[in-house]
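To be precise, the following lines are structure.txt, and they hold compact mmCIF, C-alpha atoms.
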```
# COMPACT_ATOMS: atom_id res chain seq x y z
CA MET A 1 0.00 0.00 0.00
CA SER A 2 1.12 3.56 -0.65
CA THR A 3 2.67 5.73 2.04
CA GLN A 4 0.25 8.41 0.91
CA LEU A 5 -2.61 6.90 2.92
CA HIS A 6 -3.88 8.65 6.03
CA ALA A 7 -6.18 7.47 8.81
CA VAL A 8 -7.76 10.36 10.72
CA ALA A 9 -9.73 9.83 13.94
CA LEU A 10 -11.39 12.24 16.35
CA THR A 11 -12.19 10.09 19.38
CA ARG A 12 -10.25 7.80 21.70
CA VAL A 13 -12.07 4.71 20.41
CA GLY A 14 -11.63 5.91 16.85
CA ALA A 15 -7.92 6.39 17.44
CA ASP A 16 -7.58 2.73 18.42
CA THR A 17 -9.41 1.74 15.23
CA ALA A 18 -7.13 3.95 13.11
CA ARG A 19 -4.07 2.31 14.65
CA ARG A 20 -5.42 -1.20 13.99
CA LEU A 21 -6.10 -0.15 10.43
CA ALA A 22 -2.59 1.22 9.97
CA GLU A 23 -1.10 -2.05 11.20
CA GLY A 24 -2.58 -3.72 8.13
CA LEU A 25 -1.65 -0.91 5.72
CA ALA A 26 2.09 -0.43 5.39
CA GLY A 27 3.02 3.25 5.54
CA CYS A 28 -0.43 4.53 6.53
CA ARG A 29 -0.09 7.56 8.83
CA VAL A 30 -2.40 7.89 11.83
CA TRP A 31 -3.68 11.32 12.82
CA VAL A 32 -5.46 11.71 16.18
CA PRO A 33 -6.13 14.60 18.57
CA GLU A 34 -3.03 15.41 20.58
CA ARG A 35 -4.57 14.32 23.89
CA PHE A 36 -5.16 10.80 22.51
CA ALA A 37 -1.84 10.47 20.67
CA VAL A 38 0.70 7.77 21.50
CA ASP A 39 4.13 7.00 20.05
CA GLY A 40 3.87 6.61 16.31
CA ASP A 41 0.78 8.81 15.93
CA GLU A 42 0.71 12.17 14.20
CA PRO A 43 -0.82 14.69 16.63
CA LEU A 44 -3.85 16.49 15.19
CA ARG A 45 -3.52 20.15 16.18
CA GLU A 46 -5.76 21.71 13.53
CA PRO A 47 -9.31 21.28 12.27
CA VAL A 48 -9.86 18.18 10.16
CA ALA A 49 -10.71 20.29 7.11
CA ALA A 50 -7.39 22.14 7.40
CA LEU A 51 -5.44 18.88 7.70
CA LEU A 52 -7.14 17.37 4.67
CA ALA A 53 -6.58 20.52 2.62
CA ARG A 54 -2.87 20.34 3.45
CA LEU A 55 -2.54 16.67 2.49
CA TRP A 56 -5.10 16.47 -0.33
CA LYS A 57 -2.96 16.96 -3.44
CA GLU A 58 -0.38 14.31 -2.57
CA ALA A 59 -2.61 11.74 -0.88
CA GLU A 60 -3.75 8.48 -2.43
CA GLY A 61 -6.54 8.10 0.06
CA PHE A 62 -8.02 8.89 3.46
CA PHE A 63 -9.72 6.75 6.10
CA LEU A 64 -11.86 9.14 8.12
CA VAL A 65 -12.90 7.52 11.39
CA MET A 66 -15.70 9.91 12.25
CA ALA A 67 -19.30 10.76 11.50
CA ALA A 68 -20.07 10.88 7.77
CA GLY A 69 -21.47 14.39 8.13
CA ILE A 70 -18.20 15.70 9.57
CA ALA A 71 -16.27 13.97 6.80
CA VAL A 72 -18.49 15.37 4.04
CA ARG A 73 -18.21 18.93 5.33
CA ALA A 74 -14.43 18.57 5.68
CA ILE A 75 -13.88 17.49 2.07
CA ALA A 76 -16.63 19.49 0.34
CA SER A 77 -14.49 22.47 -0.66
CA LEU A 78 -11.62 20.23 -1.88
CA LEU A 79 -13.47 18.29 -4.56
CA GLU A 80 -12.21 18.83 -8.11
CA ASP A 81 -12.66 15.89 -10.48
CA LYS A 82 -13.31 12.17 -10.18
CA THR A 83 -10.12 11.43 -12.11
CA ARG A 84 -7.96 13.43 -9.68
CA ASP A 85 -9.63 13.39 -6.25
CA PRO A 86 -8.13 10.93 -3.75
CA ALA A 87 -10.13 8.07 -2.29
CA VAL A 88 -12.09 8.77 0.88
CA VAL A 89 -13.49 6.04 3.12
CA VAL A 90 -15.54 6.79 6.24
CA LEU A 91 -15.50 4.37 9.18
CA ASP A 92 -17.47 4.30 12.41
CA PRO A 93 -15.37 4.52 15.62
CA ASP A 94 -15.40 0.74 16.15
CA GLY A 95 -14.51 -0.02 12.54
CA ARG A 96 -17.58 -2.15 11.94
CA PHE A 97 -18.41 -0.47 8.63
CA ALA A 98 -16.19 1.01 5.91
CA VAL A 99 -18.07 3.29 3.51
CA PRO A 100 -16.35 4.76 0.42
CA ILE A 101 -17.77 8.24 -0.17
CA LEU A 102 -15.42 9.62 -2.84
CA SER A 103 -13.54 8.20 -5.85
CA GLY A 104 -14.90 4.70 -5.41
CA HIS A 105 -13.83 3.52 -8.84
CA LEU A 106 -10.86 5.42 -10.30
CA GLY A 107 -9.53 6.55 -6.95
CA GLY A 108 -9.79 3.05 -5.53
CA ALA A 109 -11.98 3.88 -2.52
CA ASN A 110 -14.08 0.75 -3.01
CA ASP A 111 -10.97 -1.43 -2.87
CA LEU A 112 -9.63 0.48 0.13
CA ALA A 113 -12.94 -0.04 1.94
CA ARG A 114 -12.77 -3.77 1.27
CA HIS A 115 -9.19 -3.87 2.50
CA ALA A 116 -10.06 -1.91 5.64
CA ALA A 117 -12.94 -4.28 6.36
CA ARG A 118 -10.62 -7.28 6.07
CA VAL A 119 -8.10 -5.72 8.45
CA LEU A 120 -10.73 -4.68 11.03
CA GLY A 121 -13.11 -7.61 10.66
CA GLY A 122 -15.83 -5.23 9.53
CA THR A 123 -18.13 -4.84 6.53
CA PRO A 124 -17.47 -2.78 3.38
CA VAL A 125 -20.56 -0.81 2.38
CA ILE A 126 -20.21 -0.33 -1.39
CA THR A 127 -22.87 1.96 -2.81
CA THR A 128 -21.74 2.51 -6.42
CA ALA A 129 -24.48 1.08 -8.61
CA THR A 130 -22.34 -1.06 -10.90
CA ASP A 131 -20.55 -2.74 -7.98
CA ALA A 132 -23.77 -3.32 -6.07
CA LEU A 133 -25.26 -5.04 -9.12
CA GLY A 134 -22.16 -7.05 -10.01
CA LYS A 135 -21.51 -4.99 -13.14
CA PRO A 136 -18.12 -3.60 -14.23
CA ALA A 137 -17.42 0.13 -13.91
CA ILE A 138 -16.35 1.07 -17.40
CA GLU A 139 -13.61 3.46 -16.27
CA VAL A 140 -12.01 0.86 -13.98
CA TRP A 141 -12.01 -1.75 -16.74
CA ALA A 142 -10.64 0.76 -19.25
CA GLU A 143 -7.95 2.19 -17.00
CA ALA A 144 -6.62 -1.29 -16.18
CA ARG A 145 -5.98 -1.74 -19.91
CA GLY A 146 -4.34 1.62 -20.41
CA PHE A 147 -7.29 2.99 -22.38
CA ARG A 148 -8.03 6.71 -22.23
CA TRP A 149 -11.47 8.03 -23.00
CA GLU A 150 -13.61 10.81 -24.35
CA PRO A 151 -16.01 12.45 -23.71
CA ARG A 152 -16.08 12.38 -19.93
CA GLN A 153 -19.88 12.28 -19.75
CA GLY A 154 -19.80 9.09 -21.79
CA LEU A 155 -18.57 7.20 -18.72
CA THR A 156 -21.76 8.13 -16.87
CA THR A 157 -23.91 7.21 -19.86
CA VAL A 158 -22.39 3.73 -20.24
CA ASN A 159 -22.29 2.99 -16.50
CA ALA A 160 -25.89 4.08 -16.10
CA ALA A 161 -26.96 1.81 -18.95
CA LEU A 162 -25.07 -1.13 -17.42
CA ALA A 163 -26.59 -0.49 -13.99
CA ASN A 164 -30.11 -0.11 -15.38
CA GLY A 165 -29.99 -3.20 -17.54
CA GLU A 166 -30.30 -1.20 -20.75
CA PRO A 167 -28.76 -2.44 -24.03
CA VAL A 168 -25.02 -1.76 -24.24
CA GLY A 169 -22.94 -2.58 -27.29
CA ALA A 170 -19.33 -2.09 -28.32
CA TRP A 171 -17.39 -1.65 -31.54
CA ALA A 172 -13.76 -2.82 -31.43
CA ASP A 173 -11.70 -1.37 -34.26
CA PRO A 174 -9.86 -4.13 -36.17
CA VAL A 175 -6.94 -1.77 -36.77
CA ALA A 176 -6.17 -1.84 -33.04
CA GLY A 177 -6.79 -5.50 -32.33
CA GLY A 178 -10.51 -6.12 -32.78
CA LEU A 179 -12.73 -8.09 -30.42
CA PRO A 180 -9.95 -9.17 -28.00
CA LEU A 181 -9.85 -5.51 -26.94
CA LEU A 182 -13.17 -6.17 -25.20
CA ASP A 183 -11.93 -9.07 -23.07
CA GLY A 184 -13.19 -8.73 -19.51
CA ILE A 185 -16.36 -6.90 -20.44
CA ARG A 186 -17.91 -8.86 -23.31
CA ASP A 187 -20.12 -10.91 -20.98
CA HIS A 188 -21.86 -7.68 -19.95
CA LEU A 189 -22.49 -6.45 -23.49
CA ASP A 190 -25.52 -7.04 -25.65
CA ARG A 191 -23.44 -6.73 -28.81
CA ALA A 192 -19.71 -6.85 -29.55
CA THR A 193 -18.64 -6.28 -33.12
CA GLU A 194 -15.77 -5.28 -35.40
CA SER A 195 -18.22 -4.10 -38.06
CA GLU A 196 -18.84 -0.36 -38.17
CA GLU A 197 -22.07 -0.90 -40.09
CA GLU A 198 -23.38 -3.29 -37.43
CA ALA A 199 -22.30 -0.91 -34.68
CA ARG A 200 -24.13 2.01 -36.25
CA GLY A 201 -27.36 0.04 -36.22
CA PHE A 202 -27.19 -0.87 -32.53
CA PRO A 203 -30.39 0.30 -30.77
CA GLY A 204 -28.81 1.07 -27.39
CA VAL A 205 -25.81 2.77 -25.80
CA LEU A 206 -22.64 2.16 -27.79
CA LEU A 207 -18.98 2.42 -26.80
CA ALA A 208 -16.16 2.28 -29.32
CA VAL A 209 -12.55 1.14 -28.84
CA SER A 210 -10.46 2.77 -31.55
CA PRO A 211 -7.44 5.04 -32.07
CA ARG A 212 -9.20 6.57 -35.07
CA LEU A 213 -11.19 9.78 -35.05
CA ARG A 214 -12.74 8.80 -38.37
CA PRO A 215 -14.61 6.75 -39.39
CA GLU A 216 -16.75 6.52 -36.28
CA PRO A 217 -20.01 4.74 -35.51
CA GLY A 218 -21.55 7.46 -33.37
CA ALA A 219 -20.71 6.07 -29.94
CA ALA A 220 -21.57 7.61 -26.57
CA LEU A 221 -18.04 6.83 -25.34
CA TYR A 222 -14.75 6.40 -27.20
CA LEU A 223 -12.00 4.40 -25.55
CA ARG A 224 -8.55 5.06 -26.99
CA PRO A 225 -6.22 2.02 -26.85
CA PRO A 226 -2.49 2.68 -26.36
CA CYS A 227 -1.21 1.69 -29.77
CA LEU A 228 0.30 4.73 -31.51
CA VAL A 229 3.75 6.34 -31.49
CA ALA A 230 4.48 9.78 -32.91
CA GLY A 231 7.89 10.04 -34.54
CA VAL A 232 8.87 13.70 -34.58
CA GLY A 233 11.72 15.77 -35.90
CA CYS A 234 12.12 19.52 -35.63
CA ARG A 235 14.47 22.34 -36.46
CA ARG A 236 17.01 23.39 -33.89
CA GLU A 237 15.36 25.65 -31.29
CA ALA A 238 11.99 25.45 -33.01
CA ASP A 239 9.22 27.38 -31.28
CA PRO A 240 7.61 24.89 -28.83
CA GLY A 241 4.13 26.35 -29.20
CA GLU A 242 4.28 26.12 -32.98
CA VAL A 243 5.47 22.52 -32.86
CA VAL A 244 2.81 21.42 -30.38
CA GLU A 245 0.02 23.15 -32.29
CA GLY A 246 1.24 21.83 -35.64
CA ILE A 247 1.65 18.23 -34.51
CA ARG A 248 -1.76 18.15 -32.85
CA ALA A 249 -3.42 19.61 -35.92
CA ALA A 250 -1.65 17.10 -38.19
CA LEU A 251 -2.79 14.19 -36.02
CA GLY A 252 -6.35 15.45 -36.21
CA ARG A 253 -6.25 15.91 -39.98
CA ALA A 254 -4.91 12.39 -40.37
CA GLY A 255 -7.72 11.04 -38.20
CA TRP A 256 -5.66 9.65 -35.31
CA SER A 257 -6.51 10.37 -31.68
CA GLU A 258 -3.68 11.78 -29.60
CA LEU A 259 -5.19 9.89 -26.64
CA SER A 260 -3.90 6.64 -28.18
CA LEU A 261 -0.29 7.85 -28.24
CA THR A 262 2.17 5.98 -26.05
CA ALA A 263 5.31 8.01 -26.82
CA VAL A 264 6.96 10.75 -28.83
CA ALA A 265 10.10 9.36 -30.48
CA THR A 266 13.05 11.13 -32.05
CA VAL A 267 16.78 10.94 -32.76
CA ASP A 268 19.38 11.50 -30.03
CA ALA A 269 20.57 14.69 -31.73
CA LYS A 270 17.21 16.21 -30.79
CA ALA A 271 17.16 14.94 -27.20
CA ASP A 272 17.56 18.41 -25.72
CA GLU A 273 15.01 20.22 -27.88
CA PRO A 274 12.56 22.15 -25.66
CA ALA A 275 9.85 21.80 -28.30
CA LEU A 276 9.92 18.00 -28.15
CA HIS A 277 9.93 17.92 -24.35
CA ARG A 278 6.96 20.27 -24.29
CA LEU A 279 5.15 18.19 -26.91
CA ALA A 280 5.60 14.99 -24.91
CA GLY A 281 4.54 16.75 -21.72
CA GLU A 282 1.37 18.18 -23.21
CA LEU A 283 0.46 14.85 -24.77
CA GLY A 284 1.13 13.10 -21.46
CA VAL A 285 3.58 10.56 -22.88
CA PRO A 286 7.34 9.91 -22.55
CA LEU A 287 9.94 11.22 -24.99
CA ARG A 288 11.94 8.29 -26.39
CA VAL A 289 15.32 8.94 -28.00
CA PHE A 290 17.18 6.64 -30.39
CA PRO A 291 20.80 6.79 -31.63
CA ALA A 292 21.19 7.85 -35.24
CA GLU A 293 22.79 4.53 -36.15
CA ALA A 294 19.76 2.64 -34.83
CA LEU A 295 17.40 4.77 -36.92
CA GLU A 296 19.60 4.44 -39.98
CA ALA A 297 18.96 0.69 -39.91
CA VAL A 298 15.17 1.16 -40.06
CA GLU A 299 13.67 0.82 -43.54
CA VAL A 300 11.41 3.79 -44.34
CA PRO A 301 9.49 4.96 -47.43
CA THR A 302 10.89 8.50 -47.58
CA PRO A 303 14.60 8.65 -46.66
CA SER A 304 16.43 11.95 -47.12
CA GLU A 305 20.10 12.57 -47.79
CA ARG A 306 19.73 16.09 -46.42
CA VAL A 307 18.49 14.67 -43.13
CA ARG A 308 21.36 12.14 -43.10
CA ARG A 309 23.90 14.94 -43.44
CA ALA A 310 22.26 16.89 -40.65
CA VAL A 311 21.71 14.22 -37.97
CA GLY A 312 23.40 11.04 -39.20
CA THR A 313 20.31 9.10 -40.30
CA PRO A 314 18.22 9.44 -43.48
CA SER A 315 15.01 9.45 -41.46
CA VAL A 316 13.95 10.83 -38.08
CA ALA A 317 10.15 10.89 -37.89
CA GLU A 318 9.36 7.66 -39.72
CA ALA A 319 12.34 5.71 -38.41
CA ALA A 320 11.80 6.82 -34.80
CA ALA A 321 8.10 5.97 -34.92
CA LEU A 322 8.87 2.48 -36.20
CA ALA A 323 11.80 1.97 -33.82
CA ALA A 324 9.51 2.71 -30.88
CA SER A 325 6.87 0.30 -32.26
CA PRO A 326 8.60 -3.07 -32.73
CA GLY A 327 6.73 -5.05 -35.34
CA GLY A 328 4.52 -2.08 -36.12
CA ARG A 329 3.75 -0.30 -39.35
CA LEU A 330 3.36 3.28 -40.45
CA ALA A 331 -0.16 4.57 -39.95
CA LEU A 332 0.85 8.03 -41.18
CA PRO A 333 3.92 8.49 -43.43
CA LYS A 334 5.98 11.62 -42.91
CA VAL A 335 4.17 14.95 -43.09
CA LYS A 336 5.93 18.29 -42.81
CA GLY A 337 5.22 21.56 -41.09
CA SER A 338 7.30 24.71 -41.27
CA THR A 339 9.55 23.61 -38.39
CA TRP A 340 8.66 19.98 -37.75
CA THR A 341 8.06 16.56 -39.28
CA LEU A 342 5.65 13.91 -38.04
CA ALA A 343 5.06 10.25 -38.73
CA VAL A 344 2.79 7.88 -36.80
CA ALA A 345 3.31 4.16 -36.30
CA ILE A 346 0.71 1.74 -35.02
CA ARG A 347 1.90 -1.34 -33.20
CA PRO A 348 0.23 -4.74 -33.24
CA GLY A 349 -0.39 -6.70 -30.06
CA VAL A 350 -2.57 -4.21 -28.19
CA ALA A 351 -5.06 -7.02 -27.67
CA ARG A 352 -2.35 -9.18 -26.12
CA THR A 353 -1.28 -6.31 -23.88
CA THR A 354 -4.79 -5.79 -22.61
CA GLN A 355 -5.22 -9.47 -21.87
CA GLU A 356 -2.01 -9.56 -19.89
CA VAL A 357 -3.19 -6.93 -17.43
CA SER A 358 -6.71 -8.30 -17.01
```

Any chance you could give the structure as structure tokens?
Amino acid sequence: MSTQLHAVALTRVGADTARRLAEGLAGCRVWVPERFAVDGDEPLREPVAALLARLWKEAEGFFLVMAAGIAVRAIASLLEDKTRDPAVVVLDPDGRFAVPILSGHLGGANDLARHAARVLGGTPVITTATDALGKPAIEVWAEARGFRWEPRQGLTTVNAALANGEPVGAWADPVAGGLPLLDGIRDHLDRATESEEEARGFPGVLLAVSPRLRPEPGAALYLRPPCLVAGVGCRREADPGEVVEGIRAALGRAGWSELSLTAVATVDAKADEPALHRLAGELGVPLRVFPAEALEAVEVPTPSERVRRAVGTPSVAEAAALAASPGGRLALPKVKGSTWTLAVAIRPGVARTTQEVS
């Protein structure tokens, strides 16, 4: 368990429960009022709301051993987004019940409540509809496979349909691996298909697993599998804003979702370019760098002698994209902007990757 877990209690009995809980959670810090503190406790010398505000950004989760009303008022002003808020579990002073009240799915509060109940011999009280009905939460299933998603409200639409027993179907793009992409959720779907035409005719809520922006079957939720690499070259000291804007626009024109990118790849001669570091940062992926001699050995459709003279390899964008996608193929051959070049590779085996983590 993470060291960024905190158990906060307000009473003497609650303090004992927090300590028992921490014994079963390596690294969990116990916060109790100073008059109840013993060796190993963190003395609570400020209001609970102030403590939580101070710890909120870095915490993985909180066990609040106190009345639910106190807990709700303490966290109310701190809430931001379900994808960023830490898990919060409320427990009664004796630890008989563990109730996740925030970030049950993505934040892991449901799992923390179950763990707390095992440690304390209590009962987890899971109130999220999908869990209560034995249905998968779509964001938990997707995150475990490295899928990103859009739009956000689509998560609610699909989960609500699953919880209410309404028809839910899925289209799995063959270009990214097809039906195996749906492993772990197919038993809960009314239709699973690789056919766009069949998906378009589905009479219920549809989710789509695809790295492509077009064509699209009109889904309520798009899950973006991690299967693309952007190979990028740029001029020395190219304007970072221009490069980021140009690359994103080129991806969109080519019909590939940036949410399916797993890396930005380039040649080692460009390893210190601020524009490439900013691009990787804004896309939320690592920057991978390859030696020129490694890229020179990669067969590409558009080699350039001018590029070879400049950086020691006849290709940067295409060769780097392929080098970072072993066994992959070009999904977008080299395109040029005023200060940058871009190529996109798609790698096979996404379906195998998703199965491995399920």

Env of Trp149 of chain A: 8 Å cut, atoms = only C-alpha atoms, seq-sep filter 5 positions within chain, self excluded. Answer as a PDB file with C-alpha atoms, keeping the file's coordinate frame.
```pdb
ATOM      1  CA  LEU A 221     -18.040   6.830 -25.340  1.00  0.00           C
ATOM      2  CA  TYR A 222     -14.750   6.400 -27.200  1.00  0.00           C
ATOM      3  CA  LEU A 223     -12.000   4.400 -25.550  1.00  0.00           C
ATOM      4  CA  ARG A 224      -8.550   5.060 -26.990  1.00  0.00           C
ATOM      5  CA  LEU A 259      -5.190   9.890 -26.640  1.00  0.00           C
TER       6      LEU A 259
END
```

With a distance cut-off of 9 Å and all atoms listed in the file, select the neighbouring residues of Ala317 of chain A, excluding the residue or stretch itself and same-chain residues fewer than 4 positions from it, and output the selection as a compact mmCIF listing (two decimals) with C-alpha atoms, in the coordinates of the input.
```txt
# COMPACT_ATOMS: atom_id res chain seq x y z
CA ALA A 230 4.48 9.78 -32.91
CA GLY A 231 7.89 10.04 -34.54
CA VAL A 232 8.87 13.70 -34.58
CA GLY A 233 11.72 15.77 -35.90
CA ALA A 265 10.10 9.36 -30.48
CA THR A 266 13.05 11.13 -32.05
CA VAL A 267 16.78 10.94 -32.76
CA ALA A 321 8.10 5.97 -34.92
CA LEU A 322 8.87 2.48 -36.20
CA PRO A 333 3.92 8.49 -43.43
CA LYS A 334 5.98 11.62 -42.91
CA VAL A 335 4.17 14.95 -43.09
CA THR A 341 8.06 16.56 -39.28
CA LEU A 342 5.65 13.91 -38.04
CA ALA A 343 5.06 10.25 -38.73
CA VAL A 344 2.79 7.88 -36.80
```

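When atom CA of Thr339 of chain A is paired with atom CA of Arg236 of chain A, their separation reads 8.7 Å.
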
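Proximity of A:Ala22, A:Val209, A:Leu78, A:Ala254 to Arg145 of chain A, computed with only C-alpha atoms, is greatest for A:Val209.
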
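Atom CA of Leu79 of chain A is found 27.9 Å from atom CA of Leu120 of chain A.
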
Complete segment 236-248 of chain A at the level of N, CA and C atoms, written as a CSV table (one decimal), in the frame of the given file.
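Writing the result to out.csv gives the following:
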```
chain,number,residue,atom,x,y,z
A,236,ARG,N,16.3,23.0,-35.1
A,236,ARG,CA,17.0,23.4,-33.9
A,236,ARG,C,16.3,24.6,-33.3
A,237,GLU,N,16.0,24.6,-32.0
A,237,GLU,CA,15.4,25.6,-31.3
A,237,GLU,C,14.1,26.1,-31.9
A,238,ALA,N,13.3,25.1,-32.5
A,238,ALA,CA,12.0,25.4,-33.0
A,238,ALA,C,11.1,26.0,-31.9
A,239,ASP,N,10.1,26.8,-32.3
A,239,ASP,CA,9.2,27.4,-31.3
A,239,ASP,C,8.3,26.3,-30.7
A,240,PRO,N,8.4,26.0,-29.4
A,240,PRO,CA,7.6,24.9,-28.8
A,240,PRO,C,6.1,25.0,-29.1
A,241,GLY,N,5.6,26.2,-29.0
A,241,GLY,CA,4.1,26.4,-29.2
A,241,GLY,C,3.7,26.0,-30.6
A,242,GLU,N,4.6,26.4,-31.6
A,242,GLU,CA,4.3,26.1,-33.0
A,242,GLU,C,4.3,24.6,-33.3
A,243,VAL,N,5.3,24.0,-32.7
A,243,VAL,CA,5.5,22.5,-32.9
A,243,VAL,C,4.3,21.8,-32.3
A,244,VAL,N,3.9,22.1,-31.0
A,244,VAL,CA,2.8,21.4,-30.4
A,244,VAL,C,1.5,21.6,-31.2
A,245,GLU,N,1.2,22.9,-31.5
A,245,GLU,CA,0.0,23.2,-32.3
A,245,GLU,C,0.0,22.4,-33.6
A,246,GLY,N,1.2,22.5,-34.3
A,246,GLY,CA,1.2,21.8,-35.6
A,246,GLY,C,1.1,20.3,-35.6
A,247,ILE,N,1.7,19.7,-34.6
A,247,ILE,CA,1.6,18.2,-34.5
A,247,ILE,C,0.2,17.8,-34.2
A,248,ARG,N,-0.4,18.5,-33.2
A,248,ARG,CA,-1.8,18.2,-32.8
A,248,ARG,C,-2.7,18.3,-34.0
```
